[in-house]
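Colleague: Sharing coords_19.csv here; it has CSV, C-alpha atoms.
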chain,number,residue,atom,x,y,z
A,22,ALA,CA,118.5,70.0,99.7
A,23,TYR,CA,118.7,69.0,103.3
A,24,ALA,CA,120.7,71.1,105.7
A,25,VAL,CA,122.9,69.5,108.3
A,26,GLY,CA,122.7,72.4,110.8
A,27,HIS,CA,124.4,74.9,108.5
A,28,SER,CA,122.9,78.1,107.4
A,29,ILE,CA,123.5,81.7,106.7
A,30,ALA,CA,122.4,83.4,109.9
A,31,VAL,CA,123.1,86.2,112.4
A,32,ARG,CA,124.3,85.5,115.9
A,33,VAL,CA,122.7,87.5,118.7
A,34,SER,CA,125.0,87.8,121.7
A,35,LEU,CA,123.2,88.2,125.1
A,36,PRO,CA,124.7,89.0,128.5
A,37,ALA,CA,126.5,86.2,130.3
A,38,SER,CA,127.9,84.8,127.1
A,39,ALA,CA,124.5,83.4,125.9
A,40,GLU,CA,124.1,83.3,122.1
A,41,ILE,CA,121.1,82.9,119.9
A,42,VAL,CA,121.1,82.0,116.2
A,43,ALA,CA,118.7,84.2,114.1
A,44,ALA,CA,117.3,83.4,110.7
A,45,VAL,CA,117.9,86.1,108.0
A,46,GLY,CA,115.4,86.8,105.3
A,47,GLU,CA,114.6,89.8,103.1
A,48,PHE,CA,115.2,92.4,105.7
A,49,PRO,CA,118.6,94.2,106.0
A,50,THR,CA,121.2,92.7,108.4
A,51,PRO,CA,124.0,94.7,110.1
A,52,THR,CA,127.1,95.3,108.0
A,53,MET,CA,129.1,95.4,111.3
A,54,PRO,CA,128.1,94.2,114.8
A,55,LEU,CA,125.4,96.3,116.3
A,56,THR,CA,125.4,96.7,120.1
A,57,ARG,CA,122.5,98.4,121.8
A,58,ASN,CA,120.1,97.9,124.8
A,59,LEU,CA,117.4,95.4,124.3
A,60,ALA,CA,113.8,96.5,124.5
A,61,VAL,CA,111.2,93.7,124.8
A,62,VAL,CA,107.8,95.0,123.7
A,63,MET,CA,105.4,93.6,126.2
A,64,SER,CA,101.6,93.1,126.1
A,65,GLY,CA,100.5,92.0,129.5
A,66,ASP,CA,102.7,89.2,130.7
A,67,SER,CA,104.0,88.2,127.2
A,68,ILE,CA,105.9,89.6,124.3
A,69,GLY,CA,103.7,91.9,122.2
A,70,PHE,CA,103.0,91.5,118.5
A,71,ALA,CA,103.6,95.2,117.6
A,72,CYS,CA,100.8,95.1,115.0
A,73,SER,CA,99.7,98.6,115.9
A,74,ALA,CA,101.7,101.8,116.3
A,75,LEU,CA,104.0,101.9,119.3
A,76,VAL,CA,104.6,105.0,121.5
A,77,SER,CA,106.9,107.4,119.6
A,78,GLY,CA,110.4,107.3,121.0
A,79,SER,CA,109.7,104.3,123.3
A,80,LEU,CA,112.3,102.2,121.5
A,81,ALA,CA,114.8,105.0,120.7
A,82,ASN,CA,118.2,103.6,119.7
A,83,LYS,CA,117.3,100.1,121.0
A,84,ILE,CA,117.0,96.6,119.5
A,85,ALA,CA,113.3,95.7,119.8
A,86,VAL,CA,111.9,92.3,120.5
A,87,VAL,CA,108.4,91.5,119.2
A,88,LYS,CA,106.5,88.3,118.7
A,89,ARG,CA,105.4,86.6,115.4
A,90,GLY,CA,101.7,86.4,114.9
A,91,GLY,CA,98.8,88.6,115.9
A,92,GLY,CA,96.3,88.1,113.1
A,93,ASP,CA,96.7,89.8,109.7
A,94,CYS,CA,99.9,91.7,110.7
A,95,THR,CA,102.9,91.2,108.5
A,96,PHE,CA,106.5,91.0,109.5
A,97,SER,CA,107.1,94.3,107.7
A,98,GLN,CA,104.3,96.0,109.6
A,99,LYS,CA,105.9,94.9,112.9
A,100,VAL,CA,109.3,96.1,111.9
A,101,MET,CA,108.0,99.4,110.6
A,102,ASN,CA,106.1,100.0,113.8
A,103,ALA,CA,109.2,99.4,115.8
A,104,GLN,CA,111.3,101.6,113.5
A,105,ALA,CA,108.7,104.4,113.9
A,106,ALA,CA,109.1,104.1,117.7
A,107,GLY,CA,112.9,104.6,117.3
A,108,ALA,CA,114.2,101.0,117.1
A,109,VAL,CA,117.5,100.4,115.3
A,110,ALA,CA,116.8,96.7,114.8
A,111,VAL,CA,114.2,94.1,115.5
A,112,LEU,CA,114.2,90.5,116.7
A,113,VAL,CA,111.0,88.7,115.9
A,114,VAL,CA,110.4,85.7,118.2
A,115,ASN,CA,108.8,82.8,116.4
A,116,ASN,CA,105.4,81.7,117.8
A,117,VAL,CA,105.9,78.0,117.1
A,118,ALA,CA,108.5,75.6,118.3
A,119,GLY,CA,111.4,74.7,116.0
A,120,ALA,CA,113.9,76.7,114.0
A,121,PRO,CA,113.3,80.3,113.2
A,122,THR,CA,112.2,81.1,109.6
A,123,PRO,CA,113.4,83.7,107.1
A,124,MET,CA,111.0,86.7,107.0
A,125,ALA,CA,109.7,88.3,103.8
A,126,LEU,CA,109.3,92.0,103.2
A,127,THR,CA,106.1,93.5,102.0
A,128,ALA,CA,106.2,96.7,99.9
A,129,GLN,CA,103.2,98.2,101.8
A,130,TYR,CA,105.4,98.6,105.0
A,131,PRO,CA,108.9,99.7,103.9
A,132,SER,CA,111.5,99.6,106.6
A,133,THR,CA,115.2,100.1,106.5
A,134,ILE,CA,116.4,98.6,109.8
A,135,PRO,CA,117.8,95.1,110.4
A,136,ALA,CA,115.3,92.4,111.3
A,137,VAL,CA,115.8,88.7,112.0
A,138,MET,CA,113.8,85.9,113.5
A,139,VAL,CA,114.8,83.9,116.6
A,140,GLY,CA,113.3,80.7,117.9
A,141,MET,CA,110.5,80.5,120.4
A,142,ASP,CA,112.9,78.7,122.8
A,143,SER,CA,114.9,81.9,123.2
A,144,THR,CA,111.9,83.8,124.7
A,145,SER,CA,113.0,83.5,128.4
A,146,ALA,CA,116.6,84.5,127.6
A,147,LEU,CA,115.4,87.6,125.7
A,148,VAL,CA,112.9,88.7,128.4
A,149,ALA,CA,115.7,88.2,131.0
A,150,ALA,CA,118.0,90.4,128.9
A,151,ASP,CA,115.5,93.2,128.6
A,152,GLY,CA,117.3,96.6,129.1
A,153,GLU,CA,120.7,94.9,128.8
A,154,GLN,CA,123.2,95.4,126.0
A,155,VAL,CA,123.0,92.8,123.3
A,156,THR,CA,124.9,92.5,120.0
A,157,LEU,CA,123.4,91.7,116.7
A,158,GLY,CA,126.2,90.2,114.5
A,159,VAL,CA,126.7,90.2,110.8
A,160,LYS,CA,125.6,87.5,108.4
A,161,SER,CA,127.8,84.5,108.6
A,162,TYR,CA,127.9,80.7,108.0
A,163,VAL,CA,126.5,79.3,111.2
A,164,ARG,CA,126.3,75.7,112.6
A,165,ASP,CA,122.9,75.3,114.3
A,166,ALA,CA,121.7,71.8,115.3
A,167,ALA,CA,118.1,73.2,115.5
A,168,VAL,CA,118.0,73.0,111.7
A,169,ASP,CA,119.5,69.6,111.2
A,170,TRP,CA,117.8,67.6,108.4
A,171,THR,CA,115.5,70.4,107.5
A,172,LEU,CA,114.4,70.6,103.9
A,173,GLU,CA,115.5,74.0,102.6
A,174,ASP,CA,112.9,76.3,101.2
A,175,PHE,CA,114.7,76.5,97.9
A,176,SER,CA,114.5,72.7,97.3
A,177,SER,CA,112.0,71.1,95.0
A,178,ARG,CA,108.9,69.9,96.7
A,179,GLY,CA,105.8,67.8,95.9
A,180,PRO,CA,103.2,67.0,95.1
A,181,THR,CA,103.3,68.0,91.4
A,182,ASP,CA,100.5,70.3,90.4
A,183,VAL,CA,99.2,68.1,87.6
A,184,ASP,CA,99.2,64.5,88.7
A,185,PHE,CA,100.0,65.0,92.5
A,186,ARG,CA,103.1,62.8,92.4
A,187,VAL,CA,105.5,63.1,95.3
A,188,LYS,CA,108.6,65.0,94.1
A,189,PRO,CA,111.5,65.2,94.2
A,190,ASP,CA,112.6,61.6,93.6
A,191,VAL,CA,116.0,62.2,95.2
A,192,VAL,CA,117.2,64.8,97.6
A,193,ALA,CA,121.0,65.2,98.3
Show me, as structure tokens, the structure contained in the file I just sent.
Modeller:
Amino acid sequence: AYAVGHSIAVRVSLPASAEIVAAVGEFPTPTMPLTRNLAVVMSGDSIGFACSALVSGSLANKIAVVKRGGGDCTFSQKVMNAQAAGAVAVLVVNNVAGAPTPMALTAQYPSTIPAVMVGMDSTSALVAADGEQVTLGVKSYVRDAAVDWTLEDFSSRGPTDVDFRVKPDVVA
């Protein structure tokens, strides 16, 4: 199915009334709005990947911001590293342009804190909000033009595995 900018997502409210739409996946999401100071994990002049252990307590009671990518590092590993450093939630910034994608959990790195992905275009707003209070909302039905006419991941796709025909024949 094609989406017309509608999805189940989480809104991230930044200072000065800015708002970011975040994709939910297999990680927990808040059951009530979660307001904490933002902590952008930096590596030099850019957002860090958090693929290795972070300083214990460095993210205590904060919403951490990390970047997608970094080699063989999974989303779960990033979130678990942030949780071990004290984070109460994680925003993963996509490393490619376009809409954020839902993140999958891996059993090897169990974590219990909320984690969502935000689009790469939100990078400067998040860096500017470092240290400020932000609110991670609850899952809701969200209108987001960034995902207009995107084929949903649960839709049938081709080619078929036997004769490599393009499928589906019709998408509604």
Colleague: Restricting the calculation to only C-alpha atoms: of A:Met138, A:Ala108, A:Ile29, A:Ala149, which residue gets closest to Phe48 (chain A)?
Modeller: A:Met138
Colleague: Would you be able to write out as a VMD selection string which residues have an atom within 10 Å of (104.8, 92.4, 121.7) in the file's coordinates, counting only C-alpha atoms?
Modeller: chain A and resid 61 to 73 75 85 to 91 99 113 to 114
Colleague: Tell me, in Å to one decimal, how far CA of Lys83 (chain A) is from CA of Asp142 (chain A).
Modeller: 21.9 Å
Colleague: As an exercise, work out the distance from CA of Val163 (chain A) to CA of Asn115 (chain A) in Å and give it to one decimal place.
Modeller: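 One can read the CA of Val163 (chain A) to CA of Asn115 (chain A) distance as 18.8 Å.
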Colleague: Compile a residue-level contact table for region 34-133 of chain A against region 155-159 of chain A at a cut-off of 6 Å, reporting for every qualifying residue the shortest atom pair and its distance in Å to one decimal, with only C-alpha atoms counted, rows ordered by chain and ascending number, as a tab-separated table.
Modeller:
residue	atom	partner	partner_atom	distance
A:Ser34	CA	A:Thr156	CA	5.0
A:Leu35	CA	A:Val155	CA	4.9
A:Pro51	CA	A:Val159	CA	5.3
A:Thr52	CA	A:Val159	CA	5.8
A:Met53	CA	A:Val159	CA	5.7
A:Pro54	CA	A:Gly158	CA	4.4
A:Leu55	CA	A:Leu157	CA	5.0
A:Thr56	CA	A:Thr156	CA	4.2
A:Arg57	CA	A:Val155	CA	5.8
Colleague: Under the rule that only C-alpha atoms are counted, which of A:Gly46, A:Gly92, A:Pro36, A:Pro121 is the nearest residue to Pro135 (chain A)?
Modeller: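 The answer is A:Gly46, which sits nearest to Pro135 (chain A).
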Colleague: Around (116.9, 97.9, 114.3) in the file's frame, which residues reach within 7 Å when counting all atoms listed in the file? Return as a compact mmCIF listing (two decimals) with C-alpha atoms, in the coordinates of the input?
Modeller:
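Wrote point.txt, looks like this:
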# COMPACT_ATOMS: atom_id res chain seq x y z
CA ILE A 84 117.00 96.60 119.50
CA ALA A 85 113.30 95.70 119.80
CA GLN A 104 111.30 101.60 113.50
CA ALA A 108 114.20 101.00 117.10
CA VAL A 109 117.50 100.40 115.30
CA ALA A 110 116.80 96.70 114.80
CA VAL A 111 114.20 94.10 115.50
CA ILE A 134 116.40 98.60 109.80
CA PRO A 135 117.80 95.10 110.40
CA ALA A 136 115.30 92.40 111.30
Colleague: Write out all heavy atoms for region 89-100 of chain A, as a PDB file, in the coordinates of the input.
Modeller:
ATOM      1  N   ARG A  89     106.053  86.976 116.692  1.00  0.00           N
ATOM      2  CA  ARG A  89     105.400  86.600 115.400  1.00  0.00           C
ATOM      3  C   ARG A  89     103.928  86.334 115.707  1.00  0.00           C
ATOM      4  O   ARG A  89     103.565  85.815 116.740  1.00  0.00           O
ATOM      5  CB  ARG A  89     106.073  85.365 114.864  1.00  0.00           C
ATOM      6  CG  ARG A  89     105.453  84.900 113.569  1.00  0.00           C
ATOM      7  CD  ARG A  89     106.138  83.627 113.095  1.00  0.00           C
ATOM      8  NE  ARG A  89     105.610  83.225 111.795  1.00  0.00           N
ATOM      9  CZ  ARG A  89     106.008  82.151 111.148  1.00  0.00           C
ATOM     10  NH1 ARG A  89     106.931  81.357 111.677  1.00  0.00           N
ATOM     11  NH2 ARG A  89     105.501  81.858 109.985  1.00  0.00           N
ATOM     12  N   GLY A  90     103.088  86.646 114.729  1.00  0.00           N
ATOM     13  CA  GLY A  90     101.700  86.400 114.900  1.00  0.00           C
ATOM     14  C   GLY A  90     100.875  87.642 115.086  1.00  0.00           C
ATOM     15  O   GLY A  90     101.352  88.736 114.823  1.00  0.00           O
ATOM     16  N   GLY A  91      99.675  87.478 115.556  1.00  0.00           N
ATOM     17  CA  GLY A  91      98.800  88.600 115.900  1.00  0.00           C
ATOM     18  C   GLY A  91      97.792  88.927 114.806  1.00  0.00           C
ATOM     19  O   GLY A  91      97.386  90.062 114.628  1.00  0.00           O
ATOM     20  N   GLY A  92      97.390  87.920 114.060  1.00  0.00           N
ATOM     21  CA  GLY A  92      96.300  88.100 113.100  1.00  0.00           C
ATOM     22  C   GLY A  92      96.879  88.428 111.687  1.00  0.00           C
ATOM     23  O   GLY A  92      97.783  87.762 111.210  1.00  0.00           O
ATOM     24  N   ASP A  93      96.358  89.471 111.070  1.00  0.00           N
ATOM     25  CA  ASP A  93      96.700  89.800 109.700  1.00  0.00           C
ATOM     26  C   ASP A  93      97.951  90.708 109.627  1.00  0.00           C
ATOM     27  O   ASP A  93      98.218  91.313 108.595  1.00  0.00           O
ATOM     28  CB  ASP A  93      95.552  90.531 109.009  1.00  0.00           C
ATOM     29  CG  ASP A  93      94.373  89.606 108.816  1.00  0.00           C
ATOM     30  OD1 ASP A  93      94.581  88.386 108.723  1.00  0.00           O
ATOM     31  OD2 ASP A  93      93.235  90.116 108.773  1.00  0.00           O
ATOM     32  N   CYS A  94      98.695  90.815 110.665  1.00  0.00           N
ATOM     33  CA  CYS A  94      99.900  91.700 110.700  1.00  0.00           C
ATOM     34  C   CYS A  94     101.064  91.016 110.068  1.00  0.00           C
ATOM     35  O   CYS A  94     101.389  89.878 110.374  1.00  0.00           O
ATOM     36  CB  CYS A  94     100.149  91.942 112.220  1.00  0.00           C
ATOM     37  SG  CYS A  94     101.515  93.016 112.547  1.00  0.00           S
ATOM     38  N   THR A  95     101.728  91.726 109.167  1.00  0.00           N
ATOM     39  CA  THR A  95     102.900  91.200 108.500  1.00  0.00           C
ATOM     40  C   THR A  95     104.168  91.462 109.270  1.00  0.00           C
ATOM     41  O   THR A  95     104.195  92.335 110.143  1.00  0.00           O
ATOM     42  CB  THR A  95     103.043  91.782 107.072  1.00  0.00           C
ATOM     43  OG1 THR A  95     103.363  93.174 107.209  1.00  0.00           O
ATOM     44  CG2 THR A  95     101.792  91.596 106.236  1.00  0.00           C
ATOM     45  N   PHE A  96     105.235  90.741 108.915  1.00  0.00           N
ATOM     46  CA  PHE A  96     106.500  91.000 109.500  1.00  0.00           C
ATOM     47  C   PHE A  96     106.926  92.470 109.268  1.00  0.00           C
ATOM     48  O   PHE A  96     107.411  93.170 110.146  1.00  0.00           O
ATOM     49  CB  PHE A  96     107.620  90.095 108.958  1.00  0.00           C
ATOM     50  CG  PHE A  96     107.415  88.646 109.273  1.00  0.00           C
ATOM     51  CD1 PHE A  96     107.361  87.706 108.257  1.00  0.00           C
ATOM     52  CD2 PHE A  96     107.286  88.207 110.574  1.00  0.00           C
ATOM     53  CE1 PHE A  96     107.185  86.365 108.534  1.00  0.00           C
ATOM     54  CE2 PHE A  96     107.098  86.862 110.870  1.00  0.00           C
ATOM     55  CZ  PHE A  96     107.054  85.946 109.844  1.00  0.00           C
ATOM     56  N   SER A  97     106.708  92.920 108.043  1.00  0.00           N
ATOM     57  CA  SER A  97     107.100  94.300 107.700  1.00  0.00           C
ATOM     58  C   SER A  97     106.340  95.322 108.509  1.00  0.00           C
ATOM     59  O   SER A  97     106.909  96.350 108.888  1.00  0.00           O
ATOM     60  CB  SER A  97     106.787  94.532 106.193  1.00  0.00           C
ATOM     61  OG  SER A  97     107.641  93.743 105.391  1.00  0.00           O
ATOM     62  N   GLN A  98     105.079  95.060 108.809  1.00  0.00           N
ATOM     63  CA  GLN A  98     104.300  96.000 109.600  1.00  0.00           C
ATOM     64  C   GLN A  98     104.891  96.074 111.032  1.00  0.00           C
ATOM     65  O   GLN A  98     105.031  97.169 111.597  1.00  0.00           O
ATOM     66  CB  GLN A  98     102.849  95.569 109.676  1.00  0.00           C
ATOM     67  CG  GLN A  98     101.941  96.569 110.344  1.00  0.00           C
ATOM     68  CD  GLN A  98     100.470  96.167 110.247  1.00  0.00           C
ATOM     69  OE1 GLN A  98     100.123  95.178 109.624  1.00  0.00           O
ATOM     70  NE2 GLN A  98      99.611  96.942 110.877  1.00  0.00           N
ATOM     71  N   LYS A  99     105.253  94.940 111.607  1.00  0.00           N
ATOM     72  CA  LYS A  99     105.900  94.900 112.900  1.00  0.00           C
ATOM     73  C   LYS A  99     107.163  95.709 112.964  1.00  0.00           C
ATOM     74  O   LYS A  99     107.393  96.523 113.857  1.00  0.00           O
ATOM     75  CB  LYS A  99     106.157  93.470 113.358  1.00  0.00           C
ATOM     76  CG  LYS A  99     104.943  92.593 113.562  1.00  0.00           C
ATOM     77  CD  LYS A  99     105.391  91.141 113.727  1.00  0.00           C
ATOM     78  CE  LYS A  99     104.222  90.209 113.813  1.00  0.00           C
ATOM     79  NZ  LYS A  99     103.429  90.377 115.017  1.00  0.00           N
ATOM     80  N   VAL A 100     108.012  95.445 111.960  1.00  0.00           N
ATOM     81  CA  VAL A 100     109.300  96.100 111.900  1.00  0.00           C
ATOM     82  C   VAL A 100     109.141  97.610 111.685  1.00  0.00           C
ATOM     83  O   VAL A 100     109.803  98.422 112.325  1.00  0.00           O
ATOM     84  CB  VAL A 100     110.205  95.468 110.813  1.00  0.00           C
ATOM     85  CG1 VAL A 100     111.514  96.236 110.652  1.00  0.00           C
ATOM     86  CG2 VAL A 100     110.498  94.004 111.163  1.00  0.00           C
TER      87      VAL A 100
END
